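Student: My questions will all concern the structure given below.
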Amino acid sequence: MPNMRMDKNPMPSQEPDVRNKNFKEVALGYTEEQAIDEAQRCLNCPTRPCTTGCPVSIAIPDFIAKVAAGDFEGAYKVITESSSLPAVCGRVCPQESQCESKCVRGIKGEPVAIGRLERFVADYHNANSTEKAEPAAPNGHKCAIIGSGPSGLACASDLAKLGYDVTVFEALHTAGGVLAYGIPEFRLPKSIVEKEVNGLKDMGVKIETNVVIGRTITIDELFDDYGFEAVFIGSGAGLPRFMRIPGENLNGVYSANEFLTRINLMKAYKEDSKTPIARPKKAVIVGGGNVAMDAARSAKRLGADVTIVYRRSMEELPARKEEVEHAIEEGIVFALLNNPVEVIGDDKGYVKGVKVEKMELSEPDESGRRKPVATGEFSEIEADAFIVSIGTSPNPLIKSTTEGLETQKFGGIVADEDGATSRPGVFAGGDAVTGAATVILAMGAGKKAAAAMDKYIKSL
Amino acid sequence: MYKIVTKRALNPTVTLMEIDAPLVARKAEPGQFIIFRATEDGERVPLTIAGYDREKGTVTIIFQIVGGATEMLNSFEEGDYIHDFVGPLGKATETDGLKKVAVVGGGVGCAIAYPVAKKLHDIGCKVTSIVGFRNKDLVILEDEFRAASDNYILMTDDGSAGEKGVVTAPLEKLIQDGEEFDEVIAIGPLIMMKFVVLTTKKYNVKTVVSMNPIMVDGTGMCGCCRLTVGGETKFACVDGPDFDGFLVDFDEAMARGGIYKEFEKKAREETCNLLNKEVQ
Ligand SMILES: Cc1cc2nc3c(=O)[nH]c(=O)nc-3n(C[C@H](O)[C@H](O)[C@H](O)COP(=O)(O)OP(=O)(O)OC[C@H]3O[C@@H](n4cnc5c(N)ncnc54)[C@H](O)[C@@H]3O)c2cc1C
Ligand SMILES: Cc1cc2nc3c(=O)[nH]c(=O)nc-3n(C[C@H](O)[C@H](O)[C@H](O)COP(=O)(O)OP(=O)(O)OC[C@H]3O[C@@H](n4cnc5c(N)ncnc54)[C@H](O)[C@@H]3O)c2cc1C
Ligand code: SF4
Ligand code: SF4
Ligand code: FES
């Protein structure tokens with residue numbers, strides 16, 4: 001008999017007033033009892049609607065049934081048939097708009113906490129399993145992966161399982177892509193990312209950090225000089241956009257990427273870090289996505305009073321719901337329906353405030369979207385840091401050094417359903433193709449491309 | 001890990017190292033740079049490629065010991081390993097078609113200017129090198145520069161070597177005397193480059209400057225290295241480091257360069273403590 005309670009088992013978490021002063025993980029994870037109890041809320045629907053909401057079609061009811069039965073390793077096996085990064089996705093997937101949005105239990109009450117269960121299963125496995133991945137029997141073919149974000153890691157993993165000799169090239173000194181440099185420790189501990197990367201190494205994947213493709217080695221050289229037969233581009237969308245408003249180059253203005261990279265990749269949150277970071281007193285963040293929430297909550301943890309300025313209303317905030325709730329609990333102020341028009345500096349070139357314009361939402365247009373409209377009413381917010389989180393686009397470096405690689409206007413690489421680009425043997429996926437999206441979509445694209453690369457190489 | 005093959009002090013605060021980095025050596029061109037991290041928890045620090053040997057697979061860097069990271073690097077000896085070394089980054093200096101060029105270098109900027117002068121010399125361009133230092137003890141790469149120049153002018157602030165004065169003086173004199181440079185390439189402290197540009201603007205001689213803002217990733221991902229050039233925001237690590245000097249907003253660049261002054265002071269003191277050295 002399923003557990004018919006209406007609401008999810010709440011996630012045990014650090015108290016808001018405690019966690020907003022440290023960088024340790026906010027959510028602590030379910031206990032075995034909580035996980036089993038939550039799993040029992042699943043009705044095991046024969047039509048499996050939840051599965052259609054997952055971009056990589058995890059067999060959700062099946063893994064949940066195993067959790068309900070206390071077979072956590074069995075559940076892990078079910079998940080990893082479709083996903084290679086469950087400990088990551090269980091933490092950062094926007095479940096409310098994916099799997100959980102389709103859950104039948106969500107019609108009357110709260111959906112089954114699919115993401116939390118996935119996380120529980122992955123953490124259980126990581127804590128208890130002594131199994132080590134083994135290299136597959138080599139098939140004698142070589143593939144190169146550019147970028148070690150979720151798309152590259154997923155692609156590498158699937159190719160390695162098929163026996164390919166796989167090398168991942170990463171521009172930075174640490175593998176993981178946004179998982180390493182962008183998403184903060186308090187949401188995704190770096191030890192989890194490291195574990196995933198080490199798992200790949202156990203499978204025989206070579207990870208070459210400090211190699212910038214397009215500079216250190218070009219794609220043509222990967223084929224001609226190094227003997228790779230197929231290449232996957234998973235270089236992400238790392239190029240930060242700025243607002244192009246006056247004062248944006250003042251000291252104290254950062255892209256969210258810079259702010260977060262200093263904190264995460266360079267560990268500036270640690271007292272003894274060698275990486276400089278401003279410890280702002282009053283920080284203004286512009287933007288409304290996950291990146292803005294992460295920048296805001298990081299600034300808060302460094303001791304700042306934080307205001308998020310967003311030009312639409314709460315309903316339109318694109319960030320994951322849970323992150324917005326966490327941000328509010330942690331004491332972050334939202335100045336909604338406001339748009340920065342100028343960063344104001346002192347006479348030494350440091351930020352002292354941000355001038356914002358009040359916005360109104362228009363009537364919905366044909367697409368049903370309400371657009372922000374300027375009102376001509378201005379005000380000023382005091383600040384010593386201004387962090388721009390209004391989006392990123394694909395870095396043009398690879399395009400500009402690879403002849404015949406077509407891209408779209410915004411910089412995204414043109415690729416078909418399977419990741420094939422305009423260059424034979426070159427595949428692409430993740431943010432490099434779509435522009436900034438999600439971990440699970442990037443991972444899915446990496447997996448699809450791996451299958452297509454296998455087919456391509458076998459056809460040669 | 002990247003092995004230090006050679007280490008040599010050029011003067012008390014400037015050190016040359018040759019690093020085993022075959023992939024970088026294979027592609028390096030004058031004007032490009034690398035980023036190193038001396039240790040696993042170190043800062044990412046950009047340094048220009050001062051030379052390379054494609055056969056040996058080595059890259060030469062020349063750095064001034066100014067703060068924590070360069071102090072740490074300088075504490076390493078031949079045979080030691082640097083944790084990270086990535087490159088070549090940035091765009092190479094454009095030398096195509098140049099026939100007559102003045103290369104102006106200031107201080108450790110000469111380390112960056114030298115490979116450019118050499119490349120120009122190698123392609124048959126007539127090179128006038130004007131280099132400036134505070135005093136005689138700080139002069140670096142004199143023989144190398146002489147070999148790569150048709151005309152070598154050495155300036156010091158106190159006159160202890162070469163002529164007394166700043167680099168803009170002989171530059172202006174040469175232009176006034178009718179030297180028609182296709183281009184002036186200025187590499188050194190921001191303030192020097194600013195004054196070179198103020199000089200050459202008067203005579204409308206195209207001037208390229210090599211910018212060295214604070215950087216983190218060096219791949220175009222963080223925007224920390226941004227500059228205003230011709231009213232537009234540019235990222236020095238991918239759009240540069242060379243820019244048209246007439247268009248660069250030097251005052252803004254100088255303000256941005258000082259952003260971490262306090263932190264750097266502390267980091268330097270800590271590193272000096274670690275290495276048992278006096279803070280100068
Ligand atoms: C702060 C932040 C928070 C986010 N939060 C969430 C979230 O909660 N949930 C969610 O689903 N998504 C989130 N996202 C989005 C998600 O992280 C990305 O969509 C995902 O990481 C994209 O994966 P990717 O593999 O395409 O690229 P990336 O993760 O961007 O990895 C690309 C890698 O390629 C490397 N690279 C780039 N160019 C080169 C080159 N020329 N040579 C070698 N290497 C190169 C880069 O250094 C990088 O390591 C967030 C993003 C950010 C920035
Ligand atoms: C593209 C590029 C190429 C460079 N090439 C060389 C080179 O060939 N040789 C060399 O000696 N230096 C070079 N620099 C400068 C070098 O990166 C800095 O001196 C270095 O970051 C100092 O690190 P630190 O931790 O030792 O000192 P810090 O404690 O970080 O700084 C000490 C002092 O140096 C200043 N400073 C910090 N960062 C920079 C910077 N990026 N540029 C200029 N001044 C800075 C600070 O304002 C401070 O006064 C280059 C910089 C760039 C961006
Ligand atoms: S991967 Fe993401 S969308 Fe799929 S089941 Fe897990 S949490 Fe849901
Ligand atoms: S829709 Fe919800 S209740 Fe039904 S099987 Fe999926 S998770 Fe279980
Ligand atoms: S150093 Fe990060 S964008 Fe240039």
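Every chain in the structure tokens has a letter given in the order shown (A, B, ...), and although residue numbers restart at 1 in each chain, ligands are simply numbered from 1 in the order shown.
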When DSSP is applied to the backbone of this structure, which of region 94-148 of chain B are assigned alpha helix (DSSP H)? Write them out as a list of chain:residue names.

Tutor: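 For region 94-148 of chain B, the alpha helix (DSSP H) set is B:Gly109, B:Cys110, B:Ala111, B:Ile112, B:Ala113, B:Tyr114, B:Pro115, B:Val116, B:Ala117, B:Lys118, B:Lys119, B:Leu120, B:His121, B:Asp122, B:Glu142, B:Asp143, B:Glu144, B:Phe145, B:Arg146, B:Ala147, B:Ala148.
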
Student: Would you mind exporting the chosen residues as a CSV table (one decimal), in the first residue's frame, restricted to N, CA and C atoms?

Tutor:
chain,number,residue,atom,x,y,z
B,109,GLY,N,59.2,44.7,-19.2
B,109,GLY,CA,58.5,44.6,-20.5
B,109,GLY,C,59.4,44.3,-21.7
B,110,CYS,N,60.7,44.5,-21.4
B,110,CYS,CA,61.7,44.2,-22.4
B,110,CYS,C,61.8,42.7,-22.7
B,111,ALA,N,61.4,41.9,-21.7
B,111,ALA,CA,61.4,40.5,-21.9
B,111,ALA,C,60.3,40.1,-22.9
B,112,ILE,N,59.3,40.9,-22.9
B,112,ILE,CA,58.2,40.7,-23.9
B,112,ILE,C,58.5,41.3,-25.2
B,113,ALA,N,59.2,42.4,-25.2
B,113,ALA,CA,59.6,43.1,-26.4
B,113,ALA,C,60.6,42.4,-27.2
B,114,TYR,N,61.5,41.7,-26.5
B,114,TYR,CA,62.7,41.1,-27.2
B,114,TYR,C,62.2,40.0,-28.3
B,115,PRO,N,61.4,39.1,-27.9
B,115,PRO,CA,61.0,38.1,-29.0
B,115,PRO,C,60.3,38.8,-30.2
B,116,VAL,N,59.6,39.9,-30.0
B,116,VAL,CA,59.0,40.6,-31.0
B,116,VAL,C,60.1,41.2,-31.9
B,117,ALA,N,61.1,41.9,-31.3
B,117,ALA,CA,62.2,42.5,-32.0
B,117,ALA,C,62.9,41.5,-32.8
B,118,LYS,N,63.1,40.3,-32.2
B,118,LYS,CA,63.9,39.2,-32.9
B,118,LYS,C,63.1,38.7,-34.1
B,119,LYS,N,61.8,38.5,-33.9
B,119,LYS,CA,61.0,38.0,-35.0
B,119,LYS,C,61.1,39.0,-36.2
B,120,LEU,N,60.9,40.3,-35.9
B,120,LEU,CA,60.9,41.3,-36.9
B,120,LEU,C,62.3,41.3,-37.6
B,121,HIS,N,63.3,41.3,-36.8
B,121,HIS,CA,64.7,41.2,-37.4
B,121,HIS,C,64.8,40.0,-38.3
B,122,ASP,N,64.3,38.9,-37.9
B,122,ASP,CA,64.4,37.6,-38.7
B,122,ASP,C,63.7,37.7,-40.0
B,142,GLU,N,70.6,42.9,-22.8
B,142,GLU,CA,71.3,43.9,-23.7
B,142,GLU,C,71.9,43.2,-24.9
B,143,ASP,N,72.7,42.1,-24.8
B,143,ASP,CA,73.3,41.5,-25.9
B,143,ASP,C,72.3,41.0,-26.9
B,144,GLU,N,71.2,40.3,-26.4
B,144,GLU,CA,70.2,39.8,-27.2
B,144,GLU,C,69.6,40.9,-28.1
B,145,PHE,N,69.2,42.0,-27.4
B,145,PHE,CA,68.6,43.1,-28.1
B,145,PHE,C,69.5,43.7,-29.2
B,146,ARG,N,70.8,43.9,-28.8
B,146,ARG,CA,71.7,44.4,-29.8
B,146,ARG,C,71.7,43.5,-31.1
B,147,ALA,N,71.8,42.2,-30.8
B,147,ALA,CA,71.9,41.3,-32.0
B,147,ALA,C,70.6,41.4,-32.8
B,148,ALA,N,69.5,41.8,-32.3
B,148,ALA,CA,68.2,41.7,-33.0
B,148,ALA,C,67.9,43.1,-33.5

Student: Set the distance at 8 Å and use only C-alpha atoms: which residues neighbour region 333-343 of chain A once local chain neighbours fewer than 2 positions away are removed? I'd like the list as a ChimeraX atom specification.

Tutor: /A:245-248,250,286,306-314,328,331,345,351-361,372,386

Student: Dump N, CA and C atoms for the selected residues as a tab-separated table (two decimals), in the first residue's frame?

Tutor:
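Now in again_39.tsv:
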chain	number	residue	atom	x	y	z
A	245	ILE	N	26.51	49.13	-19.96
A	245	ILE	CA	26.03	50.37	-19.34
A	245	ILE	C	27.23	51.14	-18.80
A	246	PRO	N	27.09	52.44	-18.60
A	246	PRO	CA	28.23	53.22	-18.10
A	246	PRO	C	28.71	52.68	-16.74
A	247	GLY	N	30.00	52.71	-16.54
A	247	GLY	CA	30.56	52.32	-15.24
A	247	GLY	C	30.84	50.84	-15.10
A	248	GLU	N	30.65	50.09	-16.17
A	248	GLU	CA	30.76	48.65	-16.03
A	248	GLU	C	32.20	48.14	-15.86
A	250	LEU	N	34.34	49.67	-13.81
A	250	LEU	CA	34.84	50.15	-12.52
A	250	LEU	C	35.34	48.98	-11.68
A	286	VAL	N	22.86	41.40	-10.80
A	286	VAL	CA	21.81	41.58	-11.79
A	286	VAL	C	21.61	40.27	-12.54
A	306	VAL	N	23.09	41.44	0.36
A	306	VAL	CA	22.97	41.18	-1.08
A	306	VAL	C	21.59	41.53	-1.62
A	307	THR	N	21.57	42.22	-2.73
A	307	THR	CA	20.32	42.51	-3.43
A	307	THR	C	20.39	41.97	-4.85
A	308	ILE	N	19.37	41.23	-5.24
A	308	ILE	CA	19.28	40.76	-6.63
A	308	ILE	C	18.35	41.71	-7.38
A	309	VAL	N	18.85	42.28	-8.45
A	309	VAL	CA	18.04	43.16	-9.28
A	309	VAL	C	17.62	42.37	-10.52
A	310	TYR	N	16.30	42.32	-10.75
A	310	TYR	CA	15.79	41.55	-11.89
A	310	TYR	C	14.68	42.35	-12.54
A	311	ARG	N	14.66	42.36	-13.88
A	311	ARG	CA	13.75	43.31	-14.53
A	311	ARG	C	12.33	42.81	-14.70
A	312	ARG	N	12.11	41.51	-14.41
A	312	ARG	CA	10.73	41.03	-14.44
A	312	ARG	C	10.28	40.73	-13.01
A	313	SER	N	9.20	39.94	-12.86
A	313	SER	CA	8.71	39.67	-11.51
A	313	SER	C	9.10	38.25	-11.08
A	314	MET	N	8.77	37.91	-9.84
A	314	MET	CA	9.12	36.62	-9.24
A	314	MET	C	8.70	35.47	-10.14
A	328	ILE	N	16.05	33.35	-0.58
A	328	ILE	CA	15.19	34.20	0.27
A	328	ILE	C	15.40	33.85	1.75
A	331	GLY	N	18.33	35.37	3.40
A	331	GLY	CA	18.33	36.81	3.65
A	331	GLY	C	18.71	37.66	2.46
A	345	GLY	N	30.59	55.25	-9.71
A	345	GLY	CA	31.87	55.04	-9.08
A	345	GLY	C	32.29	56.21	-8.20
A	351	VAL	N	33.31	51.00	-7.33
A	351	VAL	CA	31.84	51.06	-7.32
A	351	VAL	C	31.34	51.61	-5.99
A	352	LYS	N	30.37	52.54	-6.08
A	352	LYS	CA	29.71	52.96	-4.83
A	352	LYS	C	28.20	52.85	-4.90
A	353	GLY	N	27.68	52.57	-6.05
A	353	GLY	CA	26.23	52.39	-6.14
A	353	GLY	C	25.80	51.97	-7.53
A	354	VAL	N	24.52	51.60	-7.62
A	354	VAL	CA	23.97	51.19	-8.90
A	354	VAL	C	22.67	51.94	-9.12
A	355	LYS	N	22.58	52.60	-10.27
A	355	LYS	CA	21.36	53.34	-10.59
A	355	LYS	C	20.44	52.39	-11.35
A	356	VAL	N	19.21	52.25	-10.87
A	356	VAL	CA	18.28	51.32	-11.51
A	356	VAL	C	17.03	52.05	-11.98
A	357	GLU	N	16.40	51.50	-13.00
A	357	GLU	CA	15.15	52.07	-13.52
A	357	GLU	C	14.01	51.11	-13.22
A	358	LYS	N	12.93	51.66	-12.75
A	358	LYS	CA	11.73	50.85	-12.44
A	358	LYS	C	11.13	50.34	-13.76
A	359	MET	N	10.70	49.08	-13.76
A	359	MET	CA	10.10	48.49	-14.95
A	359	MET	C	8.66	48.10	-14.67
A	360	GLU	N	7.89	47.97	-15.76
A	360	GLU	CA	6.53	47.45	-15.65
A	360	GLU	C	6.40	46.30	-16.61
A	361	LEU	N	5.48	45.38	-16.32
A	361	LEU	CA	5.30	44.29	-17.27
A	361	LEU	C	4.18	44.65	-18.24
A	372	PRO	N	9.20	43.38	-20.01
A	372	PRO	CA	9.44	44.52	-19.13
A	372	PRO	C	9.53	45.82	-19.94
A	386	PHE	N	29.22	44.94	-7.90
A	386	PHE	CA	28.13	44.76	-8.85
A	386	PHE	C	28.50	43.54	-9.70

Student: Take atom 21 (O, counted along the ligand's line) of ligand 2 and CA of Leu172 (chain A) and report the distance between them in Å, one decimal.

Tutor: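 Computing it gives 17.2 Å between the two atoms.
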
Student: Compile the residues of chain A that lie within 8 Å of chain B, evaluated using only C-alpha atoms, and express the compilation as a VMD selection string.

Tutor: chain A and resid 171 to 173 210 to 212 215 to 217 238 to 240 249 to 251 254 to 258 261 to 262 266 273 to 278 348 to 349 395

Student: For the atom pair atom 27 (O, counted along the ligand's line) of ligand 1 and CA of Ala442 (chain A), what is the interatomic distance in Å to one decimal place?

Tutor: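 Computing the Euclidean distance for atom 27 (O, counted along the ligand's line) of ligand 1 and CA of Ala442 (chain A) yields 6.9 Å.
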
Student: Enumerate as a count of residues only the residues within 7 Å of ligand 1, counting only C-alpha atoms and all ligand atoms.

Tutor: 50

Student: Mind checking DSSP for region 146-190 of chain A and telling me the strand (DSSP E or B) residues as number ranges by chain?

Tutor: A: 146, 165-169

Student: For the selection you just gave me, I'd like the residues written to a file as a compact mmCIF listing (two decimals), in the first residue's frame, keeping all heavy atoms.

Tutor:
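This went into result.txt:
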# COMPACT_ATOMS: atom_id res chain seq x y z
N ILE A 146 36.65 17.55 -26.23
CA ILE A 146 37.11 18.89 -25.86
C ILE A 146 36.20 19.44 -24.77
O ILE A 146 35.01 19.65 -24.99
CB ILE A 146 37.08 19.82 -27.08
CG1 ILE A 146 37.92 19.22 -28.21
CG2 ILE A 146 37.57 21.21 -26.70
CD1 ILE A 146 37.76 19.93 -29.52
N ASP A 165 39.76 4.36 -26.98
CA ASP A 165 40.87 5.03 -26.31
C ASP A 165 40.50 6.52 -26.29
O ASP A 165 40.53 7.19 -27.32
CB ASP A 165 42.13 4.75 -27.13
CG ASP A 165 43.36 5.44 -26.58
OD1 ASP A 165 43.22 6.30 -25.68
OD2 ASP A 165 44.46 5.13 -27.06
N VAL A 166 40.10 7.04 -25.12
CA VAL A 166 39.51 8.38 -25.04
C VAL A 166 40.43 9.35 -24.30
O VAL A 166 40.94 9.04 -23.23
CB VAL A 166 38.15 8.33 -24.30
CG1 VAL A 166 37.51 9.71 -24.25
CG2 VAL A 166 37.21 7.32 -24.94
N THR A 167 40.65 10.52 -24.89
CA THR A 167 41.38 11.59 -24.20
C THR A 167 40.49 12.82 -24.10
O THR A 167 39.92 13.26 -25.10
CB THR A 167 42.66 11.97 -24.97
OG1 THR A 167 43.40 10.79 -25.24
CG2 THR A 167 43.51 12.94 -24.16
N VAL A 168 40.37 13.35 -22.88
CA VAL A 168 39.62 14.59 -22.67
C VAL A 168 40.62 15.73 -22.54
O VAL A 168 41.56 15.65 -21.74
CB VAL A 168 38.77 14.51 -21.37
CG1 VAL A 168 38.02 15.81 -21.14
CG2 VAL A 168 37.81 13.33 -21.42
N PHE A 169 40.44 16.78 -23.34
CA PHE A 169 41.30 17.96 -23.25
C PHE A 169 40.56 19.08 -22.54
O PHE A 169 39.46 19.45 -22.96
CB PHE A 169 41.73 18.41 -24.64
CG PHE A 169 42.60 17.42 -25.35
CD1 PHE A 169 42.07 16.56 -26.31
CD2 PHE A 169 43.95 17.32 -25.04
CE1 PHE A 169 42.88 15.63 -26.96
CE2 PHE A 169 44.76 16.38 -25.68
CZ PHE A 169 44.22 15.54 -26.64
